[in-house]
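Dumped work_8.cif below, it's mmCIF, C-alpha atoms:
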```cif
data_coords
loop_
_atom_site.label_atom_id
_atom_site.label_comp_id
_atom_site.auth_asym_id
_atom_site.auth_seq_id
_atom_site.Cartn_x
_atom_site.Cartn_y
_atom_site.Cartn_z
CA MET A 5 248.52 162.38 267.57
CA GLU A 6 249.78 159.84 270.11
CA PHE A 7 250.16 162.61 272.72
CA ILE A 8 246.37 163.10 272.57
CA LEU A 9 245.85 159.44 273.54
CA VAL A 10 248.38 159.83 276.38
CA LEU A 11 246.52 162.92 277.62
CA ALA A 12 243.18 161.10 277.49
CA LEU A 13 244.62 158.18 279.50
CA ILE A 14 246.02 160.54 282.14
CA LEU A 15 242.76 162.45 282.50
CA ILE A 16 240.44 159.44 282.81
CA PHE A 17 242.69 157.47 285.19
CA THR A 18 243.47 160.45 287.47
CA LYS A 19 239.76 161.24 287.87
CA LEU A 20 238.84 157.61 288.58
CA ALA A 21 241.78 157.14 290.98
CA GLY A 22 241.02 160.42 292.74
CA ASP A 23 237.40 159.38 293.23
CA LEU A 24 238.45 155.96 294.58
CA SER A 25 240.95 157.61 296.93
CA VAL A 26 238.23 159.89 298.39
CA ARG A 27 235.86 156.91 298.81
CA LEU A 28 238.62 155.16 300.80
CA GLY A 29 238.93 158.18 303.09
CA GLN A 30 242.12 159.63 301.58
CA PRO A 31 242.74 162.93 299.73
CA SER A 32 242.14 162.64 295.98
CA VAL A 33 245.72 163.65 295.19
CA LEU A 34 247.04 160.34 296.59
CA GLY A 35 245.20 158.34 293.94
CA LYS A 36 246.41 160.67 291.21
CA LEU A 37 250.04 160.26 292.29
CA ILE A 38 249.76 156.47 292.33
CA VAL A 39 248.32 156.56 288.79
CA GLY A 40 251.63 157.99 287.59
CA VAL A 41 253.50 155.02 289.04
CA ILE A 42 251.03 152.52 287.53
CA LEU A 43 250.83 154.07 284.04
CA GLY A 44 254.55 154.90 283.89
CA PRO A 45 257.75 152.90 283.29
CA ALA A 46 257.63 151.31 286.75
CA LEU A 47 254.61 149.10 285.92
CA LEU A 48 252.47 149.29 282.75
CA GLY A 49 254.68 151.57 280.67
CA TRP A 50 251.72 153.17 278.86
CA VAL A 51 252.93 156.72 279.55
CA GLN A 52 256.56 157.80 279.21
CA GLN A 53 258.32 161.02 280.14
CA SER A 54 258.39 163.38 277.15
CA ASP A 55 258.73 167.07 276.37
CA PHE A 56 254.94 167.24 276.10
CA ILE A 57 254.43 165.78 279.60
CA HIS A 58 257.21 167.95 281.01
CA TYR A 59 255.80 171.24 279.70
CA MET A 60 252.21 170.37 280.64
CA ALA A 61 253.38 169.40 284.15
CA GLU A 62 255.37 172.64 284.52
CA ILE A 63 252.28 174.68 283.67
CA GLY A 64 250.23 172.47 286.02
CA VAL A 65 252.41 173.06 289.09
CA LEU A 66 252.61 176.82 288.37
CA LEU A 67 248.81 177.05 288.13
CA LEU A 68 248.44 174.98 291.31
CA MET A 69 250.66 177.38 293.27
CA PHE A 70 249.02 180.40 291.60
CA ILE A 71 245.62 179.22 292.85
CA ALA A 72 247.16 178.64 296.30
CA GLY A 73 248.29 182.27 296.30
CA LEU A 74 244.82 183.44 295.27
CA GLU A 75 243.30 181.55 298.19
CA THR A 76 245.89 182.55 300.79
CA ASP A 77 244.84 184.88 303.58
CA LEU A 78 247.56 187.54 303.43
CA GLU A 79 246.79 188.90 306.90
CA GLN A 80 247.10 185.39 308.34
CA LEU A 81 250.41 184.97 306.47
CA LYS A 82 251.75 188.25 307.92
CA LYS A 83 250.70 187.21 311.42
CA ASN A 84 252.48 183.85 311.14
CA TRP A 85 255.77 184.94 309.54
CA LYS A 86 257.79 184.15 312.69
CA ALA A 87 256.28 180.67 312.86
CA ALA A 88 256.90 180.16 309.13
CA PHE A 89 260.58 181.10 309.54
CA ALA A 90 260.98 178.80 312.57
CA VAL A 91 259.31 175.88 310.75
CA ALA A 92 261.59 176.39 307.71
CA VAL A 93 264.76 176.52 309.84
CA GLY A 94 263.70 173.49 311.92
CA GLY A 95 262.85 171.70 308.68
CA ILE A 96 266.38 172.30 307.41
CA ILE A 97 268.56 171.62 310.49
CA LEU A 98 267.17 168.22 311.50
CA PRO A 99 266.86 166.79 307.94
CA PHE A 100 270.41 167.95 307.16
CA ILE A 101 271.76 166.11 310.20
CA GLY A 102 269.70 163.01 309.36
CA GLY A 103 270.70 162.96 305.68
CA TYR A 104 274.37 163.56 306.44
CA GLY A 105 274.35 160.85 309.12
CA ALA A 106 272.67 158.30 306.85
CA ALA A 107 275.09 158.97 304.00
CA ALA A 108 278.12 158.70 306.31
CA ALA A 109 276.77 155.45 307.80
CA PHE A 110 276.50 153.94 304.31
CA GLY A 111 280.12 154.82 303.55
CA MET A 112 279.86 157.99 301.47
CA SER A 113 282.73 160.45 301.49
CA GLN A 114 282.52 163.62 303.57
CA THR A 115 281.78 165.76 300.51
CA HIS A 116 279.04 163.48 299.19
CA ALA A 117 277.53 163.09 302.67
CA LEU A 118 277.27 166.88 303.09
CA PHE A 119 275.48 167.19 299.76
CA PHE A 120 273.20 164.30 300.67
CA GLY A 121 272.25 166.16 303.85
CA LEU A 122 271.30 169.18 301.75
CA LEU A 123 269.03 166.99 299.59
CA PHE A 124 266.98 166.18 302.68
CA CYS A 125 266.43 169.90 303.40
CA ALA A 126 264.35 170.56 300.27
CA THR A 127 260.59 171.05 300.53
CA SER A 128 257.94 171.23 297.84
CA VAL A 129 254.47 172.01 299.16
CA SER A 130 252.62 171.69 295.84
CA ILE A 131 251.21 168.32 296.95
CA SER A 132 250.43 169.68 300.42
CA VAL A 133 248.60 172.60 298.79
CA GLN A 134 246.27 170.25 296.92
CA THR A 135 245.66 168.15 300.04
CA LEU A 136 244.95 171.21 302.19
CA LYS A 137 242.61 172.47 299.48
CA ASP A 138 240.76 169.13 299.49
CA MET A 139 240.33 169.47 303.27
CA ASN A 140 239.39 173.19 303.18
CA GLN A 141 242.44 174.00 305.32
CA LEU A 142 244.50 176.08 302.87
CA SER A 143 243.58 179.39 304.56
CA SER A 144 243.85 178.03 308.10
CA ARG A 145 246.62 179.22 310.43
CA GLU A 146 248.43 175.91 309.87
CA GLY A 147 247.98 176.11 306.11
CA THR A 148 249.36 179.64 305.78
CA THR A 149 252.31 178.73 308.02
CA ILE A 150 253.16 175.79 305.74
CA LEU A 151 253.00 178.05 302.68
CA GLY A 152 255.14 180.74 304.32
CA ALA A 153 257.68 178.17 305.51
CA ALA A 154 257.95 176.77 301.98
CA VAL A 155 259.00 180.19 300.64
CA VAL A 156 261.66 180.62 303.35
CA ASP A 157 262.85 177.01 302.91
CA ASP A 158 263.29 177.46 299.15
CA VAL A 159 265.43 180.59 299.54
CA LEU A 160 267.61 179.12 302.32
CA VAL A 161 268.18 175.82 300.50
CA VAL A 162 269.16 177.57 297.25
CA VAL A 163 271.66 179.75 299.12
CA ILE A 164 273.13 176.71 300.95
CA LEU A 165 273.35 174.84 297.63
CA ALA A 166 275.30 177.71 296.06
CA VAL A 167 277.68 177.84 299.05
CA MET A 168 278.19 174.07 298.87
CA MET A 169 278.76 174.13 295.10
CA SER A 170 281.36 176.87 295.44
CA LEU A 171 283.22 175.14 298.27
CA LEU A 172 282.88 171.46 297.33
CA GLY A 173 281.68 171.16 293.74
CA THR A 174 283.69 170.57 290.58
CA GLY A 175 281.71 173.32 288.84
CA ALA A 176 280.51 176.83 289.65
CA THR A 177 283.54 177.47 291.89
CA ASP A 178 283.41 181.16 291.03
CA THR A 179 279.96 181.59 292.56
CA SER A 180 279.70 184.85 294.51
CA ILE A 181 277.70 184.20 297.65
CA SER A 182 277.03 187.90 298.23
CA LEU A 183 275.78 188.23 294.63
CA LEU A 184 273.54 185.20 295.11
CA ILE A 185 271.98 186.55 298.32
CA GLY A 186 271.67 189.96 296.69
CA LYS A 187 269.69 188.43 293.81
CA LYS A 188 267.30 186.76 296.26
CA LEU A 189 266.73 190.03 298.10
CA LEU A 190 266.30 191.89 294.80
CA PHE A 191 263.73 189.29 293.71
CA PHE A 192 261.53 189.95 296.74
CA VAL A 193 261.91 193.74 296.46
CA VAL A 194 260.90 193.70 292.78
CA ILE A 195 258.03 191.24 293.34
CA ILE A 196 256.60 193.25 296.25
CA ALA A 197 256.88 196.50 294.25
CA ALA A 198 255.30 194.90 291.16
CA SER A 199 252.50 193.39 293.26
CA TRP A 200 251.75 196.75 294.84
CA PHE A 201 252.01 199.09 291.85
CA LEU A 202 252.02 197.09 288.60
CA VAL A 203 249.60 194.17 289.06
CA PRO A 204 246.45 196.25 289.86
CA ARG A 205 247.18 198.54 286.88
CA ILE A 206 247.66 195.62 284.47
CA MET A 207 244.38 194.04 285.62
CA LYS A 208 242.47 197.34 285.29
CA TRP A 209 244.01 198.10 281.91
CA MET A 210 243.24 194.71 280.36
CA ALA A 211 239.77 194.16 281.85
CA PRO A 212 237.86 196.56 279.50
CA LEU A 213 239.55 195.37 276.28
CA LYS A 214 237.05 194.35 273.59
CA VAL A 215 238.15 190.70 273.39
CA THR A 216 237.05 187.61 275.31
CA GLU A 217 238.38 186.55 278.74
CA THR A 218 240.81 189.44 279.23
CA VAL A 219 240.78 189.18 283.03
CA ILE A 220 241.88 185.52 283.17
CA THR A 221 244.46 186.21 280.43
CA ALA A 222 245.87 189.11 282.45
CA GLY A 223 246.09 186.84 285.49
CA LEU A 224 247.98 184.18 283.52
CA ILE A 225 250.37 186.78 282.07
CA ILE A 226 251.21 187.93 285.61
CA CYS A 227 251.54 184.33 286.87
CA PHE A 228 253.91 183.27 284.09
CA GLY A 229 255.80 186.57 284.18
CA PHE A 230 256.44 186.30 287.92
CA SER A 231 257.42 182.61 287.53
CA TYR A 232 259.93 183.34 284.78
CA PHE A 233 261.44 186.22 286.77
CA ALA A 234 261.75 183.95 289.82
CA GLU A 235 263.65 181.29 287.85
CA TRP A 236 265.84 183.97 286.26
CA MET A 237 266.76 185.25 289.73
CA GLY A 238 267.55 181.75 291.00
CA VAL A 239 264.32 181.24 292.98
CA ALA A 240 261.89 178.40 292.18
CA GLY A 241 259.24 179.31 289.62
CA ILE A 242 256.50 178.04 291.94
CA ILE A 243 257.42 180.83 294.42
CA GLY A 244 256.86 183.39 291.67
CA ALA A 245 253.49 181.83 290.79
CA PHE A 246 252.49 181.84 294.47
CA ALA A 247 253.47 185.52 294.77
CA ALA A 248 251.43 186.33 291.65
CA GLY A 249 248.38 184.69 293.20
CA ILE A 250 248.76 186.71 296.40
CA ALA A 251 249.16 189.92 294.36
CA ILE A 252 245.95 189.34 292.39
CA SER A 253 244.10 188.26 295.55
CA GLN A 254 244.46 191.86 296.77
CA THR A 255 242.58 193.24 293.73
CA ASN A 256 238.88 193.28 292.84
CA PHE A 257 239.52 190.63 290.18
CA LYS A 258 240.39 187.81 292.61
CA HIS A 259 237.06 185.97 292.41
CA GLU A 260 236.79 186.15 288.61
CA VAL A 261 240.35 184.89 288.06
CA GLU A 262 239.90 182.08 290.58
CA THR A 263 236.55 180.80 289.26
CA LYS A 264 237.70 180.86 285.63
CA LEU A 265 241.19 179.45 286.24
CA GLU A 266 240.25 176.41 288.33
CA PRO A 267 238.40 174.59 285.48
CA ILE A 268 241.42 175.11 283.20
CA ALA A 269 243.97 174.04 285.83
CA TYR A 270 242.15 171.04 287.30
CA GLY A 271 240.58 170.01 284.01
CA ILE A 272 243.85 169.36 282.21
CA PHE A 273 247.18 170.71 283.51
CA VAL A 274 247.25 169.76 287.22
CA PRO A 275 246.39 166.05 286.59
CA VAL A 276 249.38 165.83 284.22
CA PHE A 277 251.63 167.31 286.93
CA PHE A 278 250.55 164.66 289.46
CA VAL A 279 251.13 161.85 286.98
CA SER A 280 254.53 163.24 285.94
CA ILE A 281 255.82 162.70 289.49
CA GLY A 282 255.03 158.98 289.34
CA LEU A 283 256.68 158.69 285.91
CA ASN A 284 260.08 159.26 287.57
CA VAL A 285 259.79 155.92 289.38
CA THR A 286 261.71 152.97 288.00
CA PHE A 287 262.57 149.77 289.81
CA ASP A 288 265.73 149.01 287.80
CA GLY A 289 268.59 148.09 290.12
CA VAL A 290 266.53 148.85 293.21
CA GLY A 291 266.97 145.38 294.73
CA SER A 292 270.63 145.98 295.56
CA GLN A 293 269.82 149.24 297.41
CA ILE A 294 266.51 148.34 299.05
CA TRP A 295 267.73 148.85 302.63
CA PHE A 296 269.38 152.12 301.71
CA ILE A 297 266.10 153.34 300.18
CA ILE A 298 264.05 152.26 303.21
CA VAL A 299 266.45 153.96 305.67
CA ILE A 300 266.73 157.28 303.79
CA SER A 301 262.96 157.38 303.19
CA LEU A 302 262.21 156.90 306.89
CA ILE A 303 264.80 159.49 307.90
CA ALA A 304 263.47 161.94 305.31
CA ILE A 305 259.92 161.60 306.66
CA VAL A 306 260.73 161.66 310.38
CA THR A 307 263.25 164.53 310.30
CA LYS A 308 260.95 166.91 308.37
CA LEU A 309 257.98 165.95 310.55
CA LEU A 310 259.89 166.57 313.79
CA GLY A 311 262.02 169.49 312.54
CA GLY A 312 259.10 171.45 311.09
CA GLY A 313 256.91 170.44 314.01
CA ALA A 314 259.50 171.65 316.53
CA GLY A 315 259.66 175.05 314.82
CA ALA A 316 255.87 175.33 315.02
CA ARG A 317 255.82 174.21 318.68
CA LEU A 318 258.43 176.81 319.66
CA THR A 319 256.30 179.59 318.14
CA GLY A 320 253.08 178.83 320.00
CA PHE A 321 251.30 176.03 318.14
CA ASP A 322 249.91 173.12 320.16
CA ARG A 323 251.17 169.58 319.63
CA ALA A 324 248.46 168.51 317.16
CA SER A 325 248.87 171.63 315.00
CA SER A 326 252.67 171.29 315.11
CA LEU A 327 252.45 167.73 313.78
CA ALA A 328 250.05 168.87 311.06
CA ILE A 329 252.50 171.60 309.99
CA GLY A 330 255.44 169.17 310.08
CA SER A 331 253.45 166.75 307.90
CA GLY A 332 252.87 169.48 305.32
CA MET A 333 256.63 170.02 304.94
CA ILE A 334 257.57 166.37 304.27
CA SER A 335 257.23 166.21 300.46
CA ARG A 336 260.54 166.90 298.68
CA GLY A 337 258.92 167.03 295.23
CA GLU A 338 260.50 168.65 292.20
CA VAL A 339 262.80 170.85 294.35
CA ALA A 340 264.80 167.83 295.57
CA LEU A 341 264.90 166.36 292.05
CA ILE A 342 266.40 169.60 290.71
CA ILE A 343 269.02 169.64 293.50
CA ALA A 344 269.81 165.94 292.86
CA SER A 345 270.27 166.62 289.12
CA THR A 346 272.56 169.55 289.94
CA GLY A 347 274.60 167.36 292.28
CA LEU A 348 274.85 164.62 289.65
CA ALA A 349 276.16 167.07 287.05
CA SER A 350 278.72 168.60 289.45
CA GLY A 351 279.97 165.30 290.89
CA LEU A 352 278.53 165.88 294.38
CA LEU A 353 276.09 162.95 294.02
CA ASP A 354 277.17 159.50 292.80
CA GLY A 355 275.14 158.24 289.85
CA GLU A 356 274.48 154.92 291.64
CA TYR A 357 272.42 156.74 294.28
CA PHE A 358 270.34 158.89 291.93
CA THR A 359 267.52 156.33 291.47
CA SER A 360 267.36 155.79 295.24
CA VAL A 361 267.02 159.55 295.76
CA VAL A 362 264.21 159.72 293.19
CA ILE A 363 262.35 156.89 294.94
CA MET A 364 262.85 158.61 298.33
CA VAL A 365 261.35 161.79 296.85
CA ILE A 366 258.36 159.82 295.53
CA VAL A 367 257.86 158.09 298.90
CA THR A 368 257.85 161.42 300.77
CA THR A 369 255.36 162.75 298.24
CA LEU A 370 253.06 159.73 298.57
CA VAL A 371 252.99 159.74 302.38
CA THR A 372 252.26 163.47 302.68
CA PRO A 373 248.51 163.43 301.77
CA PRO A 374 247.46 160.63 304.20
CA LEU A 375 249.66 162.05 306.98
CA LEU A 376 248.09 165.49 306.54
CA LYS A 377 244.64 163.91 306.66
CA ILE A 378 245.47 162.03 309.88
CA THR A 379 247.15 164.97 311.66
CA PHE A 380 244.44 167.48 310.76
CA ALA A 381 241.75 165.01 311.87
CA ARG A 382 243.61 164.60 315.16
CA LYS A 383 243.88 168.38 315.54
CA LYS A 384 240.16 168.74 314.94
CA GLY A 385 239.42 166.01 317.49
CA GLU A 386 241.60 167.61 320.17
CA THR A 387 240.00 171.03 319.51
CA ARG A 388 236.55 169.49 319.91
CA VAL A 389 237.56 167.84 323.22
CA GLU A 390 239.03 171.10 324.55
CA LYS A 391 235.88 172.99 323.58
CA GLY A 392 233.77 170.37 325.38
CA ILE A 393 235.88 170.71 328.52
CA GLU A 394 235.56 174.51 328.43
CA GLU A 395 231.78 174.32 327.98
CA SER A 396 231.45 171.89 330.90
CA HIS A 397 233.50 174.24 333.10
CA LEU A 398 231.34 177.21 332.09
CA SER A 399 228.11 175.32 332.70
CA GLY A 400 229.45 174.07 336.03
#
```
Target format structure tokens, applied to this file:
Amino acid sequence: MEFILVLALILIFTKLAGDLSVRLGQPSVLGKLIVGVILGPALLGWVQQSDFIHYMAEIGVLLLMFIAGLETDLEQLKKNWKAAFAVAVGGIILPFIGGYGAAAAFGMSQTHALFFGLLFCATSVSISVQTLKDMNQLSSREGTTILGAAVVDDVLVVVILAVMMSLLGTGATDTSISLLIGKKLLFFVVIIAASWFLVPRIMKWMAPLKVTETVITAGLIICFGFSYFAEWMGVAGIIGAFAAGIAISQTNFKHEVETKLEPIAYGIFVPVFFVSIGLNVTFDGVGSQIWFIIVISLIAIVTKLLGGGAGARLTGFDRASSLAIGSGMISRGEVALIIASTGLASGLLDGEYFTSVVIMVIVTTLVTPPLLKITFARKKGETRVEKGIEESHLSG
């Protein structure tokens, strides 16, 4: 029953830390992330990575992205698809150059430096989603652009990874690039068709069944089904969960699923996900690579901020909104960790740099919530000033 004690520790400390974070003017998710570092191997060692934590965290991040899909304004997402694509591309080009340059400067081989550049391209917006939700900005134009860009980024990075593995890696040299791209296209075709024809019918069929909570169960079946299909087709499971949320948001069951799912997700699973990120931190052997970690962390933050921001600026966003969008793309999250593990297994990433990469990922995740808070506050301030100027002109 030790896992029950671990769960109790996670729940009480994440709630207290989240509350403290809000009182200090920061999003609650920041406190929850720091709890993982404090309770984990890096400091107190009270909570260790385990299969239990891993599976709970996986469910947590899927539910988080499912809720994000439920709350996404689909019309706004359609309107901003060009901006989302530009943000994703900008958020890949500049980080790739920065990561490759940093690796080459620290003496890595050409092959390892190219893979290191790819690591910097990854984006995981699960943390940004929670922060935007805390600030009531998830359905804003900026919020939907960040979500759309995350989908495009995931697909592009997976395709680039496959190309790199086939050309440079010691494994998977028989990878067919055309097959890989075909699978991605097939995924979106199937998901769109299922969302249009299958999802409403499943919800309507299960709703009248003479058992308890059939609507929320139907929603979870669709969420997990879409997520599994996404992973099977080589797309991140969180993209499948997000698509499932959007599909259900177009039905009459949206409100019921959302109101019944949030207590389950935020009551138990999502806190475990936040803590699991901090559990990856360890300070063993960090002293010898401290400058390397500082440099790659700064480059990772700045290149995503400017790259994503440039894409937003080129598609009509003002400077404040562009910085807000760039901030939302900074976190590398679990996507970068998966790529790093793949690189480690295939020989494209030296084992001595793995811990540094993990710490860089954690740093980008920790800075995302406060940066989003600052940039959105700045955007709001500039909007208020512009409105004041317009009103003074009209009254004059």
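Every protein, DNA or RNA residue with an atom at most 9 Å from Val159 (chain A), where only C-alpha atoms count and chain neighbours fewer than 6 positions away do not, is listed here: Ile185, Lys188, Gly238, Val239 and Ala240 of chain A.
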(request) Kindly indicate which residue among A:Asp288, A:Leu160, A:Ser132, A:Val367 lies nearest to Ser331 (chain A), using all atoms listed in the file for the distances. (result) A:Ser132
(request) Measuring atom to atom with all atoms listed in the file, identify which of A:Asn256, A:Ser143, A:Thr307, A:Ser345 is nearest to Ile97 (chain A). (result) A:Thr307
Explicit residues for the PyMOL selection byres ((chain A and resi 15) around 12) (as an mmCIF file with C-alpha atoms, in the coordinates of the input):
```
data_model
loop_
_atom_site.group_PDB
_atom_site.id
_atom_site.type_symbol
_atom_site.label_atom_id
_atom_site.label_comp_id
_atom_site.auth_asym_id
_atom_site.auth_seq_id
_atom_site.Cartn_x
_atom_site.Cartn_y
_atom_site.Cartn_z
ATOM 1 C CA ILE A 8 246.370 163.100 272.570
ATOM 2 C CA LEU A 9 245.850 159.440 273.540
ATOM 3 C CA VAL A 10 248.380 159.830 276.380
ATOM 4 C CA LEU A 11 246.520 162.920 277.620
ATOM 5 C CA ALA A 12 243.180 161.100 277.490
ATOM 6 C CA LEU A 13 244.620 158.180 279.500
ATOM 7 C CA ILE A 14 246.020 160.540 282.140
ATOM 8 C CA ILE A 16 240.440 159.440 282.810
ATOM 9 C CA PHE A 17 242.690 157.470 285.190
ATOM 10 C CA THR A 18 243.470 160.450 287.470
ATOM 11 C CA LYS A 19 239.760 161.240 287.870
ATOM 12 C CA LEU A 20 238.840 157.610 288.580
ATOM 13 C CA ALA A 21 241.780 157.140 290.980
ATOM 14 C CA GLY A 22 241.020 160.420 292.740
ATOM 15 C CA LYS A 36 246.410 160.670 291.210
ATOM 16 C CA VAL A 39 248.320 156.560 288.790
ATOM 17 C CA GLY A 40 251.630 157.990 287.590
ATOM 18 C CA LEU A 43 250.830 154.070 284.040
ATOM 19 C CA TYR A 270 242.150 171.040 287.300
ATOM 20 C CA GLY A 271 240.580 170.010 284.010
ATOM 21 C CA ILE A 272 243.850 169.360 282.210
ATOM 22 C CA PHE A 273 247.180 170.710 283.510
ATOM 23 C CA VAL A 274 247.250 169.760 287.220
ATOM 24 C CA PRO A 275 246.390 166.050 286.590
ATOM 25 C CA VAL A 276 249.380 165.830 284.220
ATOM 26 C CA PHE A 277 251.630 167.310 286.930
ATOM 27 C CA PHE A 278 250.550 164.660 289.460
ATOM 28 C CA VAL A 279 251.130 161.850 286.980
#
```
(message) When the PyMOL selection byres ((chain A and resi 218) around 12) is applied to the structure above, which residues does it catch, written out as a VMD selection string?
(response) chain A and resid 206 to 217 219 to 225 257 260 to 261 264
(message) Rounded to one decimal, what separation in Å do you get between CA of Ala381 (chain A) and CA of Leu68 (chain A)?
(response) 23.8 Å
